[in-house]
file protein.pdb (PDB, C-alpha atoms and all ligand atoms)
MODEL        1
ATOM      1  CA  MET A 387      24.060 -32.216 -34.056
ATOM      2  CA  PRO A 388      27.424 -31.576 -32.408
ATOM      3  CA  THR A 389      28.087 -27.885 -32.301
ATOM      4  CA  LEU A 390      31.678 -27.651 -31.144
ATOM      5  CA  ASP A 391      32.886 -26.906 -34.677
ATOM      6  CA  LEU A 392      36.397 -26.072 -33.593
ATOM      7  CA  PRO A 393      37.991 -23.125 -35.334
ATOM      8  CA  PRO A 394      41.044 -24.269 -37.274
ATOM      9  CA  LEU A 395      44.202 -23.689 -35.277
ATOM     10  CA  GLU A 396      47.084 -22.565 -37.418
ATOM     11  CA  LEU A 397      50.207 -24.623 -36.904
ATOM     12  CA  SER A 398      52.350 -21.532 -36.355
ATOM     13  CA  ARG A 399      50.059 -20.462 -33.517
ATOM     14  CA  ALA A 400      49.923 -23.994 -32.124
ATOM     15  CA  ARG A 401      53.725 -24.071 -31.951
ATOM     16  CA  GLU A 402      53.619 -21.138 -29.514
ATOM     17  CA  LEU A 403      51.429 -23.062 -27.056
ATOM     18  CA  ASP A 404      52.893 -24.962 -24.124
ATOM     19  CA  ASP A 405      52.315 -28.717 -23.878
ATOM     20  CA  GLU A 406      49.427 -28.405 -21.439
ATOM     21  CA  SER A 407      47.463 -25.922 -23.575
ATOM     22  CA  LEU A 408      48.087 -27.946 -26.712
ATOM     23  CA  ILE A 409      46.930 -31.165 -25.051
ATOM     24  CA  ARG A 410      43.802 -29.394 -23.780
ATOM     25  CA  ILE A 411      42.915 -28.447 -27.363
ATOM     26  CA  ILE A 412      43.694 -31.953 -28.647
ATOM     27  CA  MET A 413      41.339 -33.417 -26.015
ATOM     28  CA  GLN A 414      38.572 -31.151 -27.350
ATOM     29  CA  TYR A 415      39.134 -32.714 -30.758
ATOM     30  CA  HIS A 416      38.972 -36.188 -29.206
ATOM     31  CA  ASP A 417      35.603 -35.430 -27.594
ATOM     32  CA  ALA A 418      34.232 -33.824 -30.761
ATOM     33  CA  HIS A 419      35.287 -36.820 -32.910
ATOM     34  CA  VAL A 420      33.494 -39.312 -30.677
ATOM     35  CA  ARG A 421      30.333 -37.201 -30.562
ATOM     36  CA  ASP A 422      30.373 -36.653 -34.328
ATOM     37  CA  LEU A 423      30.941 -40.312 -35.165
ATOM     38  CA  MET A 424      28.198 -41.432 -32.774
ATOM     39  CA  THR A 425      25.825 -38.982 -34.466
ATOM     40  CA  ALA A 426      26.999 -40.129 -37.908
ATOM     41  CA  LEU A 427      26.450 -43.764 -36.926
ATOM     42  CA  GLU A 428      22.851 -43.096 -35.873
ATOM     43  CA  LEU A 429      22.180 -41.132 -39.055
ATOM     44  CA  ALA A 430      23.806 -43.805 -41.229
ATOM     45  CA  GLN A 431      21.653 -46.493 -39.626
ATOM     46  CA  ALA A 432      18.530 -44.421 -40.303
ATOM     47  CA  VAL A 433      19.529 -43.712 -43.918
ATOM     48  CA  SER A 434      20.460 -47.364 -44.564
ATOM     49  CA  ALA A 435      17.143 -48.581 -43.157
ATOM     50  CA  ARG A 436      15.100 -46.043 -45.107
ATOM     51  CA  HIS A 437      16.935 -46.282 -48.436
ATOM     52  CA  ALA A 438      18.043 -49.914 -48.449
ATOM     53  CA  ASP A 439      17.193 -50.319 -52.144
ATOM     54  CA  SER A 440      18.824 -47.080 -53.337
ATOM     55  CA  PRO A 441      21.731 -47.652 -55.757
ATOM     56  CA  ASP A 442      23.394 -44.564 -54.242
ATOM     57  CA  LEU A 443      23.552 -46.030 -50.749
ATOM     58  CA  PRO A 444      27.192 -46.819 -49.869
ATOM     59  CA  ALA A 445      27.648 -50.465 -48.929
ATOM     60  CA  ARG A 446      28.035 -51.177 -45.218
ATOM     61  CA  LEU A 447      28.151 -47.495 -44.295
ATOM     62  CA  PRO A 448      27.076 -47.942 -40.644
ATOM     63  CA  GLU A 449      29.646 -50.737 -40.218
ATOM     64  CA  GLN A 450      32.383 -48.572 -41.743
ATOM     65  CA  ILE A 451      31.586 -45.714 -39.380
ATOM     66  CA  ALA A 452      31.392 -48.085 -36.387
ATOM     67  CA  ASP A 453      34.832 -49.531 -37.253
ATOM     68  CA  LEU A 454      36.297 -46.035 -37.552
ATOM     69  CA  LEU A 455      34.791 -45.057 -34.189
ATOM     70  CA  GLU A 456      36.208 -48.165 -32.524
ATOM     71  CA  ASP A 457      39.708 -47.647 -33.926
ATOM     72  CA  LEU A 458      39.709 -43.981 -33.039
ATOM     73  CA  ARG A 459      38.470 -44.595 -29.494
ATOM     74  CA  GLY A 460      41.244 -47.114 -28.902
ATOM     75  CA  HIS A 461      43.845 -44.746 -30.289
ATOM     76  CA  GLN A 462      42.605 -41.766 -28.291
ATOM     77  CA  ALA A 463      42.487 -43.852 -25.112
ATOM     78  CA  ARG A 464      46.167 -44.779 -25.653
ATOM     79  CA  GLU A 465      47.071 -41.111 -25.967
ATOM     80  CA  GLU A 466      44.953 -40.062 -22.990
ATOM     81  CA  SER A 467      46.032 -42.852 -20.649
ATOM     82  CA  VAL A 468      49.711 -43.178 -21.572
ATOM     83  CA  LEU A 469      51.237 -40.412 -23.649
ATOM     84  CA  PHE A 470      49.560 -37.277 -22.334
ATOM     85  CA  PRO A 471      49.997 -38.089 -18.602
ATOM     86  CA  VAL A 472      53.707 -38.788 -19.146
ATOM     87  CA  ILE A 473      54.141 -35.501 -21.025
ATOM     88  CA  LEU A 474      52.191 -33.564 -18.396
ATOM     89  CA  CYS A 475      54.143 -34.922 -15.439
ATOM     90  CA  GLY A 476      57.314 -33.777 -17.196
ATOM     91  CA  ARG A 477      59.514 -36.729 -16.357
ATOM     92  CA  GLY A 478      61.425 -36.241 -19.562
ATOM     93  CA  GLU A 479      61.197 -39.885 -20.511
ATOM     94  CA  THR A 480      61.988 -41.092 -23.967
ATOM     95  CA  LEU A 481      58.730 -41.201 -25.825
ATOM     96  CA  ARG A 482      60.037 -42.217 -29.213
ATOM     97  CA  TYR A 483      58.547 -45.735 -29.119
ATOM     98  CA  PRO A 484      55.032 -44.867 -27.925
ATOM     99  CA  ILE A 485      54.973 -42.000 -30.408
ATOM    100  CA  ALA A 486      55.978 -44.317 -33.266
ATOM    101  CA  ALA A 487      53.141 -46.691 -32.303
ATOM    102  CA  LEU A 488      50.649 -43.825 -32.173
ATOM    103  CA  GLY A 489      51.816 -42.723 -35.629
ATOM    104  CA  THR A 490      50.960 -46.207 -36.900
ATOM    105  CA  ASP A 491      47.484 -45.797 -35.366
ATOM    106  CA  HIS A 492      47.134 -42.556 -37.340
ATOM    107  CA  ASP A 493      47.914 -44.404 -40.559
ATOM    108  CA  THR A 494      45.244 -47.014 -39.792
ATOM    109  CA  VAL A 495      42.625 -44.381 -38.987
ATOM    110  CA  GLN A 496      43.525 -42.409 -42.094
ATOM    111  CA  VAL A 497      43.057 -45.442 -44.316
ATOM    112  CA  ARG A 498      39.548 -45.807 -42.884
ATOM    113  CA  LEU A 499      38.903 -42.082 -43.400
ATOM    114  CA  GLU A 500      39.906 -42.344 -47.070
ATOM    115  CA  GLN A 501      37.529 -45.317 -47.430
ATOM    116  CA  LEU A 502      34.752 -43.123 -46.055
ATOM    117  CA  VAL A 503      35.639 -40.352 -48.532
ATOM    118  CA  ARG A 504      35.463 -42.848 -51.419
ATOM    119  CA  LEU A 505      32.270 -44.521 -50.229
ATOM    120  CA  THR A 506      30.435 -41.214 -49.869
ATOM    121  CA  ARG A 507      31.936 -39.712 -53.056
ATOM    122  CA  ASP A 508      33.630 -37.031 -51.027
ATOM    123  CA  TYR A 509      30.539 -36.545 -48.862
ATOM    124  CA  THR A 510      28.358 -35.675 -51.830
ATOM    125  CA  PRO A 511      24.730 -36.683 -51.269
ATOM    126  CA  PRO A 512      22.877 -38.034 -54.320
ATOM    127  CA  GLU A 513      20.491 -35.730 -56.093
ATOM    128  CA  GLY A 514      17.209 -35.485 -54.200
ATOM    129  CA  ALA A 515      18.707 -36.988 -51.032
ATOM    130  CA  CYS A 516      16.580 -36.605 -47.899
ATOM    131  CA  ALA A 517      17.510 -34.214 -45.084
ATOM    132  CA  THR A 518      18.892 -37.055 -42.936
ATOM    133  CA  TRP A 519      21.259 -38.181 -45.699
ATOM    134  CA  ARG A 520      22.484 -34.593 -46.213
ATOM    135  CA  ARG A 521      22.968 -34.106 -42.492
ATOM    136  CA  LEU A 522      24.911 -37.378 -42.308
ATOM    137  CA  TYR A 523      27.374 -36.186 -44.929
ATOM    138  CA  ASP A 524      27.649 -32.733 -43.304
ATOM    139  CA  VAL A 525      28.601 -34.384 -39.991
ATOM    140  CA  CYS A 526      31.098 -36.645 -41.779
ATOM    141  CA  ARG A 527      32.665 -33.681 -43.583
ATOM    142  CA  LYS A 528      33.086 -31.754 -40.315
ATOM    143  CA  PHE A 529      34.601 -34.850 -38.684
ATOM    144  CA  ASP A 530      36.981 -35.300 -41.632
ATOM    145  CA  ARG A 531      38.229 -31.696 -41.438
ATOM    146  CA  GLU A 532      38.711 -31.784 -37.681
ATOM    147  CA  LEU A 533      40.400 -35.194 -37.701
ATOM    148  CA  ARG A 534      42.957 -33.982 -40.245
ATOM    149  CA  GLU A 535      43.592 -30.820 -38.172
ATOM    150  CA  HIS A 536      43.980 -32.857 -34.995
ATOM    151  CA  VAL A 537      46.436 -35.300 -36.546
ATOM    152  CA  GLN A 538      48.486 -32.378 -37.889
ATOM    153  CA  LEU A 539      48.645 -30.837 -34.408
ATOM    154  CA  GLU A 540      50.004 -34.089 -33.031
ATOM    155  CA  GLU A 541      52.347 -35.078 -35.835
ATOM    156  CA  ARG A 542      53.726 -31.653 -36.670
ATOM    157  CA  VAL A 543      53.642 -29.885 -33.308
ATOM    158  CA  LEU A 544      53.247 -32.103 -30.214
ATOM    159  CA  PHE A 545      55.002 -35.348 -31.144
ATOM    160  CA  PRO A 546      58.191 -33.758 -32.540
ATOM    161  CA  ARG A 547      58.792 -32.178 -29.129
ATOM    162  CA  PHE A 548      59.324 -35.656 -27.635
ATOM    163  CA  ALA A 549      60.369 -37.944 -30.488
TER     164      ALA A 549
HETATM  165 FE    FE A 601      44.840 -37.428 -30.524
HETATM  166 FE    FE A 602      46.579 -39.236 -32.370
ENDMDL
END
call {"tool": "encode", "arguments": {"input": "protein.pdb", "output": "structure tokens"}}
result
Amino acid sequence: MPTLDLPPLELSRARELDDESLIRIIMQYHDAHVRDLMTALELAQAVSARHADSPDLPARLPEQIADLLEDLRGHQAREESVLFPVILCGRGETLRYPIAALGTDHDTVQVRLEQLVRLTRDYTPPEGACATWRRLYDVCRKFDRELREHVQLEERVLFPRFA
């Protein structure tokens, strides 16, 4: 199980960080998200195979997690290959348009996250759920918390510096 479990960074403290330090922390979130979703995908596949006839099994859970992972990877790659290098080389370019596009990515990812919340009944395992099912929802809950923190850091601290 991923163990990074990033401590929540308060926005007021994040605002005191320079761009480079803030981006370093954001990249830790990126890595943690991918690891967590890959773990969640494996667990969801195991749970779906083992409990295929359970009425509590969310429909298409592995597919939902795989779609979320794919969207998030694409989004993070756009930040890591375009936005962050431009910020870090300090050319002072106008970043309003790439930042608007990345904000749209956030909306897409958040819609998928809310679907996951609904499907899993807010990450609540059914009564008597096996250890794998419980672990799956624990990983998803950690991912959910860290994704929301990460998006806040970008939308409320990093992006406004360049938009
Ligand atoms: Fe990001
Ligand atoms: Fe982002």
call {"tool": "closest_atom_pairs", "arguments": {"input": "protein.pdb", "of": "chain A", "to": "ligand FE 601 (chain A)", "cutoff": "12 Å", "atoms": "only C-alpha atoms and all ligand atoms", "output": "tab-separated table"}}
result
residue	atom	partner	partner_atom	distance
A:Leu408	CA	A:FE601	FE	10.7
A:Ile409	CA	A:FE601	FE	8.6
A:Arg410	CA	A:FE601	FE	10.5
A:Ile411	CA	A:FE601	FE	9.7
A:Ile412	CA	A:FE601	FE	5.9
A:Met413	CA	A:FE601	FE	7.0
A:Gln414	CA	A:FE601	FE	9.4
A:Tyr415	CA	A:FE601	FE	7.4
A:His416	CA	A:FE601	FE	6.1
A:Asp417	CA	A:FE601	FE	9.9
A:Ala418	CA	A:FE601	FE	11.2
A:His419	CA	A:FE601	FE	9.9
A:Val420	CA	A:FE601	FE	11.5
A:Asp457	CA	A:FE601	FE	11.9
A:Leu458	CA	A:FE601	FE	8.7
A:Arg459	CA	A:FE601	FE	9.6
A:Gly460	CA	A:FE601	FE	10.5
A:His461	CA	A:FE601	FE	7.4
A:Gln462	CA	A:FE601	FE	5.4
A:Ala463	CA	A:FE601	FE	8.7
A:Arg464	CA	A:FE601	FE	8.9
A:Glu465	CA	A:FE601	FE	6.3
A:Glu466	CA	A:FE601	FE	8.0
A:Ser467	CA	A:FE601	FE	11.3
A:Val468	CA	A:FE601	FE	11.7
A:Leu469	CA	A:FE601	FE	9.9
A:Phe470	CA	A:FE601	FE	9.5
A:Ile485	CA	A:FE601	FE	11.1
A:Leu488	CA	A:FE601	FE	8.8
A:Gly489	CA	A:FE601	FE	10.1
A:Asp491	CA	A:FE601	FE	10.0
A:His492	CA	A:FE601	FE	8.8
A:Val495	CA	A:FE601	FE	11.2
A:Glu532	CA	A:FE601	FE	11.0
A:Leu533	CA	A:FE601	FE	8.7
A:Arg534	CA	A:FE601	FE	10.5
A:Glu535	CA	A:FE601	FE	10.2
A:His536	CA	A:FE601	FE	6.5
A:Val537	CA	A:FE601	FE	6.6
A:Gln538	CA	A:FE601	FE	9.6
A:Leu539	CA	A:FE601	FE	8.5
A:Glu540	CA	A:FE601	FE	6.6
A:Glu541	CA	A:FE601	FE	9.5
A:Val543	CA	A:FE601	FE	11.9
A:Leu544	CA	A:FE601	FE	10.0
A:Phe545	CA	A:FE601	FE	10.4
call {"tool": "closest_residue", "arguments": {"input": "protein.pdb", "among": "A:Ala426, A:Ala487, A:Leu454, A:Leu447", "to": "Arg504 in chain A", "atoms": "all atoms listed in the file"}}
result
A:Leu447
call {"tool": "atom_distance", "arguments": {"input": "protein.pdb", "atom1": "CA of Leu505 in chain A", "atom2": "CA of Glu449 in chain A"}}
result
12.1 Å
call {"tool": "closest_residue", "arguments": {"input": "protein.pdb", "among": "A:Arg436, A:Arg421, A:Arg520, A:Arg542", "to": "ligand FE 602 (chain A)", "atoms": "all atoms listed in the file"}}
result
A:Arg542
call {"tool": "resolve_selection", "arguments": {"input": "protein.pdb", "expression": "the PyMOL selection byres (((chain A and resi 433) around 9) and not hetatm)", "output": "PyMOL selection string"}}
result
chain A and resi 428-432+434-438+443+516+518-519+522
call {"tool": "axis_aligned_box", "arguments": {"input": "protein.pdb", "around": "range 454-462 of chain A", "padding_each_side": "5 Å", "output": "AutoDock Vina command-line options"}}
result
--center_x 39.3 --center_y -45.0 --center_z -32.9 --size_x 19.1 --size_y 16.4 --size_z 19.3
call {"tool": "atom_distance", "arguments": {"input": "protein.pdb", "atom1": "CA of Ala517 in chain A", "atom2": "CA of Pro444 in chain A"}}
result
16.6 Å
call {"tool": "closest_residue", "arguments": {"input": "protein.pdb", "among": "A:Pro448, A:Arg477, A:Pro484, A:Val503", "to": "ligand FE 602 (chain A)", "atoms": "all atoms listed in the file"}}
result
A:Pro484
call {"tool": "closest_residue", "arguments": {"input": "protein.pdb", "among": "A:Leu474, A:Cys526, A:Ala452, A:Ala486", "to": "ligand FE 602 (chain A)", "atoms": "all atoms listed in the file"}}
result
A:Ala486
call {"tool": "closest_residue", "arguments": {"input": "protein.pdb", "among": "A:Glu396, A:Asp493, A:Glu513, A:Asp453", "to": "Leu427 in chain A", "atoms": "all atoms listed in the file"}}
result
A:Asp453
call {"tool": "closest_residue", "arguments": {"input": "protein.pdb", "among": "A:Pro511, A:Cys475, A:Val497, A:Thr490", "to": "ligand FE 602 (chain A)", "atoms": "all atoms listed in the file"}}
result
A:Thr490
call {"tool": "atom_distance", "arguments": {"input": "protein.pdb", "atom1": "CA of Leu499 in chain A", "atom2": "CA of Tyr483 in chain A"}}
result
24.6 Å
call {"tool": "resolve_selection", "arguments": {"input": "protein.pdb", "expression": "the PyMOL selection byres (((chain A and resi 549) around 7) and not hetatm)", "output": "MDAnalysis selection string"}}
result
chainID A and resid 481:482 485 545:548
call {"tool": "residues_around", "arguments": {"input": "protein.pdb", "residues": "Val525 in chain A", "least_positions_apart": "2", "cutoff": "9 Å", "atoms": "all atoms listed in the file", "output": "ChimeraX atom specification"}}
result
/A:387-388,422-423,425-426,520-523,527-530
call {"tool": "build_atoms", "arguments": {"input": "protein.pdb", "residues": "range 515-534 of chain A", "atoms": "N, CA and C atoms", "output": "mmCIF file, in the coordinates of the input"}}
result
data_model
loop_
_atom_site.group_PDB
_atom_site.id
_atom_site.type_symbol
_atom_site.label_atom_id
_atom_site.label_comp_id
_atom_site.auth_asym_id
_atom_site.auth_seq_id
_atom_site.Cartn_x
_atom_site.Cartn_y
_atom_site.Cartn_z
ATOM 1 N N ALA A 515 18.531 -36.269 -52.308
ATOM 2 C CA ALA A 515 18.707 -36.988 -51.032
ATOM 3 C C ALA A 515 17.863 -36.325 -49.942
ATOM 4 N N CYS A 516 17.405 -37.129 -48.999
ATOM 5 C CA CYS A 516 16.580 -36.605 -47.899
ATOM 6 C C CYS A 516 17.460 -35.802 -46.932
ATOM 7 N N ALA A 517 16.798 -35.086 -46.035
ATOM 8 C CA ALA A 517 17.510 -34.214 -45.084
ATOM 9 C C ALA A 517 18.452 -35.021 -44.186
ATOM 10 N N THR A 518 18.052 -36.230 -43.821
ATOM 11 C CA THR A 518 18.892 -37.055 -42.936
ATOM 12 C C THR A 518 20.197 -37.438 -43.637
ATOM 13 N N TRP A 519 20.073 -37.794 -44.910
ATOM 14 C CA TRP A 519 21.259 -38.181 -45.699
ATOM 15 C C TRP A 519 22.213 -36.983 -45.821
ATOM 16 N N ARG A 520 21.642 -35.801 -46.092
ATOM 17 C CA ARG A 520 22.484 -34.593 -46.213
ATOM 18 C C ARG A 520 23.162 -34.267 -44.890
ATOM 19 N N ARG A 521 22.403 -34.408 -43.810
ATOM 20 C CA ARG A 521 22.968 -34.106 -42.492
ATOM 21 C C ARG A 521 24.097 -35.096 -42.163
ATOM 22 N N LEU A 522 23.881 -36.365 -42.519
ATOM 23 C CA LEU A 522 24.911 -37.378 -42.308
ATOM 24 C C LEU A 522 26.227 -36.965 -42.976
ATOM 25 N N TYR A 523 26.141 -36.536 -44.224
ATOM 26 C CA TYR A 523 27.374 -36.186 -44.929
ATOM 27 C C TYR A 523 27.974 -34.889 -44.397
ATOM 28 N N ASP A 524 27.127 -33.962 -43.927
ATOM 29 C CA ASP A 524 27.649 -32.733 -43.304
ATOM 30 C C ASP A 524 28.451 -33.078 -42.039
ATOM 31 N N VAL A 525 27.902 -33.981 -41.229
ATOM 32 C CA VAL A 525 28.601 -34.384 -39.991
ATOM 33 C C VAL A 525 29.919 -35.071 -40.350
ATOM 34 N N CYS A 526 29.875 -35.935 -41.364
ATOM 35 C CA CYS A 526 31.098 -36.645 -41.779
ATOM 36 C C CYS A 526 32.147 -35.658 -42.300
ATOM 37 N N ARG A 527 31.706 -34.643 -43.027
ATOM 38 C CA ARG A 527 32.665 -33.681 -43.583
ATOM 39 C C ARG A 527 33.338 -32.883 -42.466
ATOM 40 N N LYS A 528 32.535 -32.484 -41.481
ATOM 41 C CA LYS A 528 33.086 -31.754 -40.315
ATOM 42 C C LYS A 528 34.088 -32.649 -39.574
ATOM 43 N N PHE A 529 33.710 -33.910 -39.363
ATOM 44 C CA PHE A 529 34.601 -34.850 -38.684
ATOM 45 C C PHE A 529 35.913 -34.986 -39.460
ATOM 46 N N ASP A 530 35.809 -35.133 -40.769
ATOM 47 C CA ASP A 530 36.981 -35.300 -41.632
ATOM 48 C C ASP A 530 37.939 -34.116 -41.470
ATOM 49 N N ARG A 531 37.389 -32.899 -41.539
ATOM 50 C CA ARG A 531 38.229 -31.696 -41.438
ATOM 51 C C ARG A 531 38.914 -31.645 -40.072
ATOM 52 N N GLU A 532 38.143 -31.904 -39.023
ATOM 53 C CA GLU A 532 38.711 -31.784 -37.681
ATOM 54 C C GLU A 532 39.703 -32.911 -37.386
ATOM 55 N N LEU A 533 39.443 -34.103 -37.929
ATOM 56 C CA LEU A 533 40.400 -35.194 -37.701
ATOM 57 C C LEU A 533 41.746 -34.862 -38.352
ATOM 58 N N ARG A 534 41.695 -34.319 -39.566
ATOM 59 C CA ARG A 534 42.957 -33.982 -40.245
ATOM 60 C C ARG A 534 43.693 -32.869 -39.481
#
